[in-house]
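Novice: My structure is stored as query_10.cif, with mmCIF, N, CA and C atoms.
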```cif
data_data
loop_
_atom_site.label_atom_id
_atom_site.label_comp_id
_atom_site.auth_asym_id
_atom_site.auth_seq_id
_atom_site.Cartn_x
_atom_site.Cartn_y
_atom_site.Cartn_z
N MET N 295 -22.43 5.28 -61.34
CA MET N 295 -21.10 5.84 -61.44
C MET N 295 -20.31 5.43 -60.20
N ASP N 296 -19.03 5.14 -60.38
CA ASP N 296 -18.21 4.74 -59.24
C ASP N 296 -17.86 5.95 -58.36
N ARG N 297 -17.32 5.68 -57.20
CA ARG N 297 -16.99 6.71 -56.21
C ARG N 297 -15.97 7.72 -56.74
N ILE N 298 -14.94 7.24 -57.41
CA ILE N 298 -13.89 8.14 -57.93
C ILE N 298 -14.45 9.01 -59.05
N GLY N 299 -15.20 8.43 -59.97
CA GLY N 299 -15.80 9.21 -61.04
C GLY N 299 -16.71 10.30 -60.50
N SER N 300 -17.49 9.96 -59.51
CA SER N 300 -18.37 10.94 -58.88
C SER N 300 -17.56 12.04 -58.19
N ALA N 301 -16.47 11.67 -57.52
CA ALA N 301 -15.63 12.64 -56.83
C ALA N 301 -14.95 13.59 -57.81
N ILE N 302 -14.55 13.08 -58.97
CA ILE N 302 -13.93 13.93 -59.99
C ILE N 302 -14.94 14.98 -60.49
N ILE N 303 -16.17 14.57 -60.67
CA ILE N 303 -17.21 15.52 -61.10
C ILE N 303 -17.45 16.56 -60.01
N ASP N 304 -17.55 16.14 -58.75
CA ASP N 304 -17.74 17.09 -57.64
C ASP N 304 -16.58 18.08 -57.56
N PHE N 305 -15.37 17.59 -57.72
CA PHE N 305 -14.17 18.42 -57.68
C PHE N 305 -14.20 19.46 -58.80
N THR N 306 -14.51 19.01 -60.00
CA THR N 306 -14.57 19.91 -61.15
C THR N 306 -15.67 20.95 -60.99
N GLU N 307 -16.85 20.52 -60.55
CA GLU N 307 -17.95 21.46 -60.35
C GLU N 307 -17.59 22.51 -59.30
N ALA N 308 -16.91 22.10 -58.25
CA ALA N 308 -16.51 23.06 -57.21
C ALA N 308 -15.54 24.09 -57.77
N ALA N 309 -14.65 23.69 -58.65
CA ALA N 309 -13.69 24.62 -59.24
C ALA N 309 -14.38 25.71 -60.05
N TYR N 310 -15.53 25.39 -60.63
CA TYR N 310 -16.26 26.36 -61.44
C TYR N 310 -17.42 27.02 -60.70
N ASN N 311 -17.53 26.78 -59.41
CA ASN N 311 -18.62 27.35 -58.62
C ASN N 311 -18.33 28.82 -58.33
N LEU N 312 -19.11 29.71 -58.89
CA LEU N 312 -18.91 31.15 -58.74
C LEU N 312 -19.56 31.71 -57.47
N GLU N 313 -20.24 30.85 -56.70
CA GLU N 313 -20.89 31.32 -55.48
C GLU N 313 -19.92 31.41 -54.30
N PHE N 314 -18.76 30.76 -54.40
CA PHE N 314 -17.77 30.83 -53.33
C PHE N 314 -17.09 32.20 -53.35
N SER N 315 -16.82 32.75 -52.17
CA SER N 315 -16.00 33.96 -52.10
C SER N 315 -14.56 33.57 -52.40
N ASP N 316 -13.71 34.57 -52.62
CA ASP N 316 -12.29 34.29 -52.88
C ASP N 316 -11.68 33.49 -51.73
N GLU N 317 -12.08 33.80 -50.50
CA GLU N 317 -11.53 33.12 -49.32
C GLU N 317 -12.06 31.69 -49.19
N GLU N 318 -13.26 31.43 -49.68
CA GLU N 318 -13.88 30.10 -49.56
C GLU N 318 -13.48 29.15 -50.69
N TRP N 319 -13.13 29.72 -51.85
CA TRP N 319 -13.00 28.91 -53.05
C TRP N 319 -11.95 27.81 -52.94
N LEU N 320 -10.71 28.15 -52.63
CA LEU N 320 -9.65 27.14 -52.60
C LEU N 320 -9.89 26.08 -51.52
N PRO N 321 -10.24 26.45 -50.27
CA PRO N 321 -10.54 25.40 -49.30
C PRO N 321 -11.69 24.49 -49.75
N ALA N 322 -12.69 25.06 -50.42
CA ALA N 322 -13.83 24.25 -50.88
C ALA N 322 -13.42 23.25 -51.95
N ILE N 323 -12.62 23.69 -52.92
CA ILE N 323 -12.25 22.72 -53.96
C ILE N 323 -11.27 21.68 -53.43
N LEU N 324 -10.42 22.07 -52.48
CA LEU N 324 -9.53 21.07 -51.88
C LEU N 324 -10.34 20.00 -51.15
N LYS N 325 -11.35 20.43 -50.41
CA LYS N 325 -12.19 19.47 -49.67
C LYS N 325 -12.90 18.53 -50.65
N ARG N 326 -13.42 19.08 -51.74
CA ARG N 326 -14.12 18.25 -52.72
C ARG N 326 -13.15 17.33 -53.46
N GLY N 327 -11.91 17.75 -53.58
CA GLY N 327 -10.93 16.94 -54.30
C GLY N 327 -10.26 15.85 -53.48
N LEU N 328 -10.45 15.88 -52.16
CA LEU N 328 -9.76 14.90 -51.31
C LEU N 328 -9.96 13.45 -51.74
N PRO N 329 -11.18 13.02 -52.11
CA PRO N 329 -11.32 11.60 -52.49
C PRO N 329 -10.47 11.21 -53.69
N VAL N 330 -10.10 12.17 -54.52
CA VAL N 330 -9.29 11.89 -55.70
C VAL N 330 -7.81 12.14 -55.43
N LEU N 331 -7.51 13.19 -54.67
CA LEU N 331 -6.13 13.65 -54.50
C LEU N 331 -5.38 13.03 -53.33
N GLU N 332 -6.08 12.70 -52.28
CA GLU N 332 -5.44 12.23 -51.04
C GLU N 332 -4.84 10.84 -51.23
N HIS N 333 -3.54 10.75 -50.98
CA HIS N 333 -2.82 9.47 -51.06
C HIS N 333 -2.22 9.11 -49.70
N GLY N 334 -2.76 9.73 -48.65
CA GLY N 334 -2.33 9.40 -47.29
C GLY N 334 -1.27 10.32 -46.71
N LEU N 335 -0.75 11.26 -47.51
CA LEU N 335 0.33 12.12 -47.03
C LEU N 335 -0.05 13.60 -47.00
N GLY N 336 -1.25 13.93 -47.46
CA GLY N 336 -1.72 15.31 -47.40
C GLY N 336 -2.11 15.87 -48.75
N VAL N 337 -2.83 16.98 -48.68
CA VAL N 337 -3.24 17.74 -49.87
C VAL N 337 -3.17 19.22 -49.49
N ALA N 338 -2.58 20.02 -50.35
CA ALA N 338 -2.48 21.46 -50.10
C ALA N 338 -2.70 22.21 -51.40
N GLY N 339 -3.04 23.47 -51.25
CA GLY N 339 -3.22 24.33 -52.42
C GLY N 339 -2.68 25.71 -52.12
N MET N 340 -2.36 26.43 -53.17
CA MET N 340 -1.91 27.80 -52.99
C MET N 340 -2.45 28.66 -54.12
N ARG N 341 -2.74 29.90 -53.76
CA ARG N 341 -3.10 30.91 -54.76
C ARG N 341 -1.88 31.80 -54.93
N TYR N 342 -1.63 32.23 -56.16
CA TYR N 342 -0.44 33.03 -56.41
C TYR N 342 -0.67 33.98 -57.58
N GLY N 343 0.22 34.94 -57.68
CA GLY N 343 0.26 35.83 -58.82
C GLY N 343 1.49 35.50 -59.64
N ARG N 344 1.28 35.36 -60.92
CA ARG N 344 2.36 35.03 -61.86
C ARG N 344 2.16 35.88 -63.11
N PRO N 345 2.53 37.16 -63.04
CA PRO N 345 2.26 38.06 -64.16
C PRO N 345 2.78 37.51 -65.48
N PRO N 346 1.96 37.55 -66.52
CA PRO N 346 2.37 36.97 -67.81
C PRO N 346 3.57 37.67 -68.43
N GLU N 347 3.77 38.93 -68.11
CA GLU N 347 4.90 39.65 -68.70
C GLU N 347 6.20 39.42 -67.96
N GLY N 348 6.19 38.54 -66.96
CA GLY N 348 7.43 38.18 -66.29
C GLY N 348 7.70 38.93 -65.01
N GLY N 349 6.71 39.57 -64.44
CA GLY N 349 6.90 40.25 -63.16
C GLY N 349 7.19 39.26 -62.06
N PRO N 350 7.42 39.75 -60.85
CA PRO N 350 7.78 38.85 -59.75
C PRO N 350 6.64 37.91 -59.34
N PHE N 351 7.01 36.69 -58.99
CA PHE N 351 6.07 35.71 -58.47
C PHE N 351 5.60 36.17 -57.10
N GLN N 352 4.30 36.01 -56.83
CA GLN N 352 3.75 36.45 -55.55
C GLN N 352 2.88 35.34 -54.96
N LEU N 353 3.31 34.76 -53.85
CA LEU N 353 2.52 33.77 -53.13
C LEU N 353 1.47 34.50 -52.32
N LEU N 354 0.18 34.22 -52.60
CA LEU N 354 -0.91 34.93 -51.93
C LEU N 354 -1.39 34.22 -50.68
N ASP N 355 -1.65 32.93 -50.78
CA ASP N 355 -2.03 32.18 -49.59
C ASP N 355 -1.88 30.68 -49.84
N VAL N 356 -1.81 29.95 -48.74
CA VAL N 356 -1.64 28.50 -48.77
C VAL N 356 -2.71 27.89 -47.87
N HIS N 357 -3.34 26.82 -48.36
CA HIS N 357 -4.33 26.09 -47.57
C HIS N 357 -3.94 24.63 -47.55
N VAL N 358 -4.03 24.02 -46.39
CA VAL N 358 -3.77 22.59 -46.25
C VAL N 358 -5.08 21.92 -45.88
N ALA N 359 -5.48 20.94 -46.69
CA ALA N 359 -6.77 20.28 -46.50
C ALA N 359 -6.66 18.98 -45.72
N SER N 360 -5.49 18.36 -45.72
CA SER N 360 -5.32 17.10 -45.01
C SER N 360 -3.83 16.85 -44.85
N GLY N 361 -3.52 15.82 -44.09
CA GLY N 361 -2.12 15.45 -43.93
C GLY N 361 -1.74 15.28 -42.47
N ARG N 362 -0.52 14.91 -42.28
CA ARG N 362 0.01 14.74 -40.93
C ARG N 362 -0.06 16.06 -40.18
N GLU N 363 0.03 15.97 -38.88
CA GLU N 363 -0.09 17.15 -38.03
C GLU N 363 0.89 18.26 -38.43
N ASP N 364 2.09 17.88 -38.84
CA ASP N 364 3.10 18.88 -39.18
C ASP N 364 3.20 19.17 -40.68
N PHE N 365 2.28 18.63 -41.48
CA PHE N 365 2.37 18.84 -42.93
C PHE N 365 2.28 20.31 -43.30
N ALA N 366 1.38 21.06 -42.67
CA ALA N 366 1.24 22.48 -43.01
C ALA N 366 2.56 23.23 -42.80
N GLU N 367 3.21 22.98 -41.68
CA GLU N 367 4.49 23.64 -41.39
C GLU N 367 5.57 23.22 -42.38
N ARG N 368 5.64 21.93 -42.66
CA ARG N 368 6.67 21.43 -43.58
C ARG N 368 6.46 21.96 -44.99
N HIS N 369 5.21 21.94 -45.44
CA HIS N 369 4.88 22.44 -46.78
C HIS N 369 5.21 23.93 -46.89
N ALA N 370 4.80 24.70 -45.88
CA ALA N 370 5.07 26.14 -45.87
C ALA N 370 6.57 26.42 -45.87
N ALA N 371 7.33 25.64 -45.12
CA ALA N 371 8.78 25.83 -45.08
C ALA N 371 9.41 25.53 -46.44
N ALA N 372 8.92 24.50 -47.12
CA ALA N 372 9.45 24.19 -48.46
C ALA N 372 9.17 25.34 -49.41
N LEU N 373 7.97 25.89 -49.37
CA LEU N 373 7.63 27.01 -50.25
C LEU N 373 8.45 28.25 -49.90
N ALA N 374 8.57 28.54 -48.61
CA ALA N 374 9.26 29.76 -48.16
C ALA N 374 10.74 29.75 -48.52
N THR N 375 11.33 28.59 -48.65
CA THR N 375 12.76 28.50 -48.94
C THR N 375 13.07 28.19 -50.40
N THR N 376 12.03 28.17 -51.23
CA THR N 376 12.22 27.99 -52.67
C THR N 376 12.34 29.37 -53.30
N PRO N 377 13.39 29.62 -54.05
CA PRO N 377 13.53 30.94 -54.68
C PRO N 377 12.31 31.27 -55.54
N PRO N 378 11.84 32.53 -55.51
CA PRO N 378 10.66 32.92 -56.27
C PRO N 378 10.74 32.60 -57.77
N GLU N 379 11.92 32.70 -58.35
CA GLU N 379 12.05 32.41 -59.78
C GLU N 379 11.87 30.91 -60.06
N VAL N 380 12.23 30.07 -59.09
CA VAL N 380 12.02 28.63 -59.24
C VAL N 380 10.53 28.32 -59.07
N LEU N 381 9.89 28.92 -58.06
CA LEU N 381 8.44 28.73 -57.90
C LEU N 381 7.70 29.18 -59.15
N ARG N 382 8.09 30.30 -59.69
CA ARG N 382 7.43 30.81 -60.90
C ARG N 382 7.50 29.78 -62.02
N GLU N 383 8.63 29.16 -62.19
CA GLU N 383 8.79 28.15 -63.24
C GLU N 383 7.99 26.89 -62.92
N GLN N 384 7.93 26.52 -61.65
CA GLN N 384 7.23 25.30 -61.26
C GLN N 384 5.72 25.41 -61.44
N VAL N 385 5.18 26.62 -61.38
CA VAL N 385 3.72 26.80 -61.46
C VAL N 385 3.32 27.44 -62.79
N ARG N 386 3.95 26.96 -63.85
CA ARG N 386 3.58 27.43 -65.19
C ARG N 386 2.10 27.10 -65.44
N PRO N 387 1.45 27.86 -66.32
CA PRO N 387 0.03 27.62 -66.61
C PRO N 387 -0.24 26.21 -67.15
N GLY N 388 -1.32 25.62 -66.67
CA GLY N 388 -1.82 24.37 -67.23
C GLY N 388 -0.94 23.17 -67.06
N MET N 389 -0.24 23.06 -65.96
CA MET N 389 0.63 21.92 -65.72
C MET N 389 -0.11 20.88 -64.87
N ALA N 390 0.23 19.63 -65.06
CA ALA N 390 -0.29 18.54 -64.23
C ALA N 390 0.67 17.37 -64.38
N GLY N 391 0.92 16.69 -63.29
CA GLY N 391 1.80 15.53 -63.34
C GLY N 391 2.45 15.27 -62.01
N THR N 392 3.64 14.71 -62.07
CA THR N 392 4.40 14.46 -60.85
C THR N 392 5.68 15.27 -60.91
N ALA N 393 6.15 15.67 -59.76
CA ALA N 393 7.37 16.47 -59.68
C ALA N 393 8.56 15.69 -60.24
N SER N 394 8.59 14.39 -60.03
CA SER N 394 9.73 13.60 -60.52
C SER N 394 9.81 13.63 -62.04
N MET N 395 8.68 13.64 -62.71
CA MET N 395 8.68 13.71 -64.17
C MET N 395 9.02 15.12 -64.64
N ASP N 396 8.47 16.13 -63.98
CA ASP N 396 8.67 17.51 -64.39
C ASP N 396 10.09 17.98 -64.10
N ALA N 397 10.70 17.48 -63.04
CA ALA N 397 12.01 17.96 -62.60
C ALA N 397 13.15 17.08 -63.09
N GLN N 398 12.94 16.33 -64.16
CA GLN N 398 14.00 15.43 -64.64
C GLN N 398 15.30 16.15 -64.91
N GLY N 399 15.23 17.37 -65.40
CA GLY N 399 16.45 18.12 -65.65
C GLY N 399 16.94 18.87 -64.43
N HIS N 400 16.12 18.91 -63.38
CA HIS N 400 16.46 19.64 -62.16
C HIS N 400 16.05 18.83 -60.93
N PRO N 401 16.69 17.70 -60.68
CA PRO N 401 16.28 16.84 -59.56
C PRO N 401 16.43 17.53 -58.21
N GLU N 402 17.24 18.58 -58.13
CA GLU N 402 17.41 19.29 -56.87
C GLU N 402 16.12 19.98 -56.43
N GLN N 403 15.21 20.27 -57.36
CA GLN N 403 13.94 20.91 -57.00
C GLN N 403 13.08 19.96 -56.19
N LEU N 404 12.95 18.72 -56.64
CA LEU N 404 12.20 17.73 -55.88
C LEU N 404 12.93 17.42 -54.58
N ALA N 405 14.24 17.32 -54.62
CA ALA N 405 15.02 17.03 -53.41
C ALA N 405 14.82 18.14 -52.37
N HIS N 406 14.70 19.37 -52.81
CA HIS N 406 14.45 20.48 -51.88
C HIS N 406 13.12 20.27 -51.16
N TYR N 407 12.06 19.95 -51.92
CA TYR N 407 10.76 19.75 -51.30
C TYR N 407 10.80 18.57 -50.32
N THR N 408 11.36 17.45 -50.76
CA THR N 408 11.37 16.26 -49.91
C THR N 408 12.33 16.41 -48.73
N SER N 409 13.22 17.38 -48.76
CA SER N 409 14.04 17.64 -47.57
C SER N 409 13.19 18.25 -46.46
N HIS N 410 12.10 18.90 -46.82
CA HIS N 410 11.18 19.47 -45.83
C HIS N 410 10.05 18.49 -45.50
N VAL N 411 9.49 17.88 -46.53
CA VAL N 411 8.42 16.90 -46.35
C VAL N 411 9.08 15.54 -46.59
N ASP N 412 9.88 15.12 -45.60
CA ASP N 412 10.80 13.99 -45.81
C ASP N 412 10.13 12.62 -45.78
N TYR N 413 8.84 12.56 -45.56
CA TYR N 413 8.14 11.28 -45.63
C TYR N 413 7.53 11.05 -47.02
N CYS N 414 7.78 11.95 -47.96
CA CYS N 414 7.32 11.71 -49.33
C CYS N 414 8.51 11.56 -50.26
N LYS N 415 8.25 10.94 -51.40
CA LYS N 415 9.29 10.75 -52.40
C LYS N 415 8.97 11.49 -53.70
N ASP N 416 7.72 11.92 -53.84
CA ASP N 416 7.28 12.59 -55.06
C ASP N 416 6.10 13.48 -54.72
N LEU N 417 5.59 14.18 -55.73
CA LEU N 417 4.53 15.14 -55.52
C LEU N 417 3.64 15.15 -56.76
N LEU N 418 2.35 14.91 -56.55
CA LEU N 418 1.36 15.04 -57.61
C LEU N 418 0.90 16.49 -57.60
N TYR N 419 0.78 17.12 -58.77
CA TYR N 419 0.40 18.53 -58.78
C TYR N 419 -0.42 18.87 -60.02
N THR N 420 -1.16 19.96 -59.90
CA THR N 420 -1.84 20.56 -61.04
C THR N 420 -1.84 22.07 -60.83
N THR N 421 -1.73 22.82 -61.92
CA THR N 421 -1.72 24.28 -61.84
C THR N 421 -2.68 24.85 -62.88
N ALA N 422 -3.16 26.04 -62.59
CA ALA N 422 -3.97 26.79 -63.55
C ALA N 422 -3.69 28.27 -63.33
N VAL N 423 -3.54 29.01 -64.40
CA VAL N 423 -3.26 30.44 -64.34
C VAL N 423 -4.12 31.13 -65.39
N ASP N 424 -4.81 32.21 -64.98
CA ASP N 424 -5.60 32.93 -65.96
C ASP N 424 -4.73 33.92 -66.75
N SER N 425 -5.34 34.59 -67.70
CA SER N 425 -4.57 35.47 -68.60
C SER N 425 -3.97 36.67 -67.88
N LYS N 426 -4.46 37.01 -66.69
CA LYS N 426 -3.91 38.13 -65.93
C LYS N 426 -2.82 37.69 -64.95
N GLY N 427 -2.61 36.37 -64.83
CA GLY N 427 -1.56 35.87 -63.96
C GLY N 427 -2.02 35.39 -62.61
N SER N 428 -3.35 35.34 -62.37
CA SER N 428 -3.85 34.78 -61.11
C SER N 428 -3.83 33.27 -61.23
N GLY N 429 -3.16 32.61 -60.26
CA GLY N 429 -2.99 31.17 -60.40
C GLY N 429 -3.34 30.40 -59.15
N VAL N 430 -3.49 29.11 -59.35
CA VAL N 430 -3.72 28.18 -58.25
C VAL N 430 -2.93 26.91 -58.55
N ALA N 431 -2.36 26.34 -57.51
CA ALA N 431 -1.68 25.05 -57.62
C ALA N 431 -2.20 24.16 -56.51
N ILE N 432 -2.41 22.90 -56.84
CA ILE N 432 -2.84 21.89 -55.87
C ILE N 432 -1.80 20.80 -55.89
N VAL N 433 -1.35 20.39 -54.69
CA VAL N 433 -0.32 19.36 -54.58
C VAL N 433 -0.73 18.28 -53.59
N ALA N 434 -0.27 17.08 -53.88
CA ALA N 434 -0.48 15.94 -52.98
C ALA N 434 0.83 15.15 -52.93
N PRO N 435 1.50 15.15 -51.78
CA PRO N 435 2.72 14.34 -51.66
C PRO N 435 2.43 12.85 -51.90
N LEU N 436 3.37 12.19 -52.50
CA LEU N 436 3.25 10.75 -52.79
C LEU N 436 4.39 10.02 -52.10
#
```
How does this structure look as structure tokens?

Specialist:
Amino acid sequence: MDRIGSAIIDFTEAAYNLEFSDEEWLPAILKRGLPVLEHGLGVAGMRYGRPPEGGPFQLLDVHVASGREDFAERHAAALATTPPEVLREQVRPGMAGTASMDAQGHPEQLAHYTSHVDYCKDLLYTTAVDSKGSGVAIVAPL
């Protein structure tokens, strides 16, 4: 098996590993996903609450696994200045792709992120949300 194929399996297995504590889980899957996700500009993840009945979006925590020295600050600033209703829409259940494709009708959303992380032009992302609204998003600037 090639290196990327093996890394994808490791990444997937880590996501389903029930031995990690809540605090260990996201950093562990980000670390395992680096060979697949890292494009030289960083990788970050966040846990959030997104109640299915439409309650308020709640950012629980953010982890940065790689990137430039100031990537954590820039990424956090982009999230902190994005209106909660926009974040809620951006992290819909089961999404994966690039921000440029997803934001075709709202280019200002990608422009907002790149105004903070100004060395990137796009963002690779994936999201997952369970039936109770507990979610995770993983992003890699491109």

Novice: Write out as a ChimeraX atom specification which residues come within 10 Å of Ala322 of chain N when counting only C-alpha atoms, dropping same-chain ones fewer than 3 positions away.

Specialist: /N:305,308-309,311,314,317-319,325-327,359

Novice: I would like the residues chosen by the PyMOL selection byres ((chain N and resi 363-374) around 8) on the shown file; could you give them as an MDAnalysis selection string?

Specialist: chainID N and resid 335:337 356:362 375:378 381 406:412

Novice: What does the PyMOL selection byres ((chain N and resi 393) around 6) select in this file, as a list in words?

Specialist: Gly391, Thr392, Ser394, Met395, Asp396, Ala397, Gln398, Asp416, Leu417, Leu418 and Tyr419 of chain N

Novice: Based on the selection just made, write N, CA and C atoms of those residues as a PDB file, keeping the file's coordinate frame.

Specialist:
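Generated output (again.pdb):
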```
ATOM      1  N   GLY N 391       0.920  16.690 -63.290  1.00  0.00           N
ATOM      2  CA  GLY N 391       1.800  15.530 -63.340  1.00  0.00           C
ATOM      3  C   GLY N 391       2.450  15.270 -62.010  1.00  0.00           C
ATOM      4  N   THR N 392       3.640  14.710 -62.070  1.00  0.00           N
ATOM      5  CA  THR N 392       4.400  14.460 -60.850  1.00  0.00           C
ATOM      6  C   THR N 392       5.680  15.270 -60.910  1.00  0.00           C
ATOM      7  N   SER N 394       8.590  14.390 -60.030  1.00  0.00           N
ATOM      8  CA  SER N 394       9.730  13.600 -60.520  1.00  0.00           C
ATOM      9  C   SER N 394       9.810  13.630 -62.040  1.00  0.00           C
ATOM     10  N   MET N 395       8.680  13.640 -62.710  1.00  0.00           N
ATOM     11  CA  MET N 395       8.680  13.710 -64.170  1.00  0.00           C
ATOM     12  C   MET N 395       9.020  15.120 -64.640  1.00  0.00           C
ATOM     13  N   ASP N 396       8.470  16.130 -63.980  1.00  0.00           N
ATOM     14  CA  ASP N 396       8.670  17.510 -64.390  1.00  0.00           C
ATOM     15  C   ASP N 396      10.090  17.980 -64.100  1.00  0.00           C
ATOM     16  N   ALA N 397      10.700  17.480 -63.040  1.00  0.00           N
ATOM     17  CA  ALA N 397      12.010  17.960 -62.600  1.00  0.00           C
ATOM     18  C   ALA N 397      13.150  17.080 -63.090  1.00  0.00           C
ATOM     19  N   GLN N 398      12.940  16.330 -64.160  1.00  0.00           N
ATOM     20  CA  GLN N 398      14.000  15.430 -64.640  1.00  0.00           C
ATOM     21  C   GLN N 398      15.300  16.150 -64.910  1.00  0.00           C
ATOM     22  N   ASP N 416       7.720  11.920 -53.840  1.00  0.00           N
ATOM     23  CA  ASP N 416       7.280  12.590 -55.060  1.00  0.00           C
ATOM     24  C   ASP N 416       6.100  13.480 -54.720  1.00  0.00           C
ATOM     25  N   LEU N 417       5.590  14.180 -55.730  1.00  0.00           N
ATOM     26  CA  LEU N 417       4.530  15.140 -55.520  1.00  0.00           C
ATOM     27  C   LEU N 417       3.640  15.150 -56.760  1.00  0.00           C
ATOM     28  N   LEU N 418       2.350  14.910 -56.550  1.00  0.00           N
ATOM     29  CA  LEU N 418       1.360  15.040 -57.610  1.00  0.00           C
ATOM     30  C   LEU N 418       0.900  16.490 -57.600  1.00  0.00           C
ATOM     31  N   TYR N 419       0.780  17.120 -58.770  1.00  0.00           N
ATOM     32  CA  TYR N 419       0.400  18.530 -58.780  1.00  0.00           C
ATOM     33  C   TYR N 419      -0.420  18.870 -60.020  1.00  0.00           C
TER      34      TYR N 419
END
```

Novice: Could you state the separation of atom C of Lys426 of chain N and atom N of Pro346 of chain N in Å, given to one decimal place?

Specialist: 5.0 Å

Novice: Go through the shown structure with the PyMOL selection byres ((chain N and resi 344) around 5) and write out the matching residues as a PyMOL selection string.

Specialist: chain N and resi 342-343+345-346+427-428

Novice: Report the centre and edge lengths, in Å to one decimal, of an axis-aligned box enclosing every atom of segment 295-314 of chain N listed in the file, padded by 3 Å on each side, as lines of an AutoDock Vina configuration file.

Specialist:
```
center_x = -18.1
center_y = 18.5
center_z = -57.4
size_x = 14.7
size_y = 33.5
size_z = 14.1
```

Novice: Looking only at strand (DSSP E or B) from DSSP on the backbone, list the matching residues of segment 323-417 of chain N as number ranges by chain.

Specialist: N: 337-343, 352-360, 390-392, 417

Novice: Kindly indicate which residue among N:Ala405, N:Leu436, N:Ala390, N:Met340 lies nearest to Thr420 of chain N, using only N, CA and C atoms for the distances.

Specialist: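 The closest residue to Thr420 of chain N is N:Ala390.
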
Novice: May I ask which of the residues N:Arg341, N:Asp355, N:Gly348, N:Val330 is the closest one to Arg297 of chain N, counting only C-alpha atoms?

Specialist: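 Smallest separation from Arg297 of chain N among the options: N:Val330.
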
Novice: Using only C-alpha atoms, can you tell me which of N:Leu320, N:Leu312, N:Ile302, N:Val380 comes closest to Val430 of chain N?

Specialist: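 The answer is N:Leu320, which sits nearest to Val430 of chain N.
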
Novice: Hey, what does DSSP flag as helix (DSSP H, G or I) within chain N? Can you give it to me as a VMD selection string?

Specialist: chain N and resid 297 to 309 316 to 331 365 to 374 378 to 384 393 to 396 401 to 410

Novice: By how many Å are atom CA of His400 of chain N and atom CA of Arg382 of chain N apart?

Specialist: 14.4 Å

Novice: Atom N of Tyr310 of chain N and atom C of Glu379 of chain N are how many Å apart?

Specialist: 28.0 Å

Novice: Restricting the calculation to only C-alpha atoms, which member of N:Gln384, N:Leu354, N:Leu324, N:Gly399 is positioned closest to Thr306 of chain N?

Specialist: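 Closest to Thr306 of chain N of all the choices is N:Leu324.
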
Novice: Smallest atom-to-atom distance to Glu332 of chain N: which of N:Met389, N:Cys414, N:Val433, N:Ile303, using only C-alpha atoms?

Specialist: N:Val433

Novice: Measuring between only C-alpha atoms, which one of N:Glu402, N:Glu307, N:Glu383, N:Glu347 shows the shortest distance to Ser425 of chain N?

Specialist: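 Checking each candidate against Ser425 of chain N, we get N:Glu347 as the closest.
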
Novice: Could you pull segment 385-417 of chain N out of the structure just shown and give C-alpha atoms as a short mmCIF file (atom, residue, chain, number, x, y, z; two decimals), in the first residue's frame?

Specialist:
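Dumped everything to out_4.cif:
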```cif
data_model
loop_
_atom_site.label_atom_id
_atom_site.label_comp_id
_atom_site.auth_asym_id
_atom_site.auth_seq_id
_atom_site.Cartn_x
_atom_site.Cartn_y
_atom_site.Cartn_z
CA VAL N 385 -20.37 23.49 9.40
CA ARG N 386 -23.47 21.70 8.19
CA PRO N 387 -23.43 17.92 8.78
CA GLY N 388 -21.43 15.76 6.41
CA MET N 389 -19.74 18.45 4.34
CA ALA N 390 -16.41 18.07 2.56
CA GLY N 391 -14.75 20.10 -0.15
CA THR N 392 -13.17 23.47 -0.66
CA ALA N 393 -14.45 26.79 0.61
CA SER N 394 -14.26 28.28 -2.88
CA MET N 395 -16.70 25.68 -4.20
CA ASP N 396 -19.01 25.85 -1.18
CA ALA N 397 -19.07 29.66 -1.01
CA GLN N 398 -19.84 30.30 -4.68
CA GLY N 399 -22.97 32.20 -3.73
CA HIS N 400 -21.21 33.92 -0.82
CA PRO N 401 -17.62 34.76 -1.82
CA GLU N 402 -17.37 37.17 1.12
CA GLN N 403 -17.19 34.16 3.47
CA LEU N 404 -13.96 32.90 1.94
CA ALA N 405 -12.68 36.48 1.66
CA HIS N 406 -13.29 36.93 5.39
CA TYR N 407 -11.17 33.87 6.23
CA THR N 408 -8.37 34.80 3.83
CA SER N 409 -8.30 38.34 5.23
CA HIS N 410 -7.05 36.74 8.46
CA VAL N 411 -5.04 33.87 6.97
CA ASP N 412 -3.81 36.01 4.10
CA TYR N 413 -1.23 33.54 2.80
CA CYS N 414 -3.97 31.14 1.64
CA LYS N 415 -6.41 31.41 -1.23
CA ASP N 416 -8.75 28.55 -0.35
CA LEU N 417 -9.60 26.08 2.39
#
```
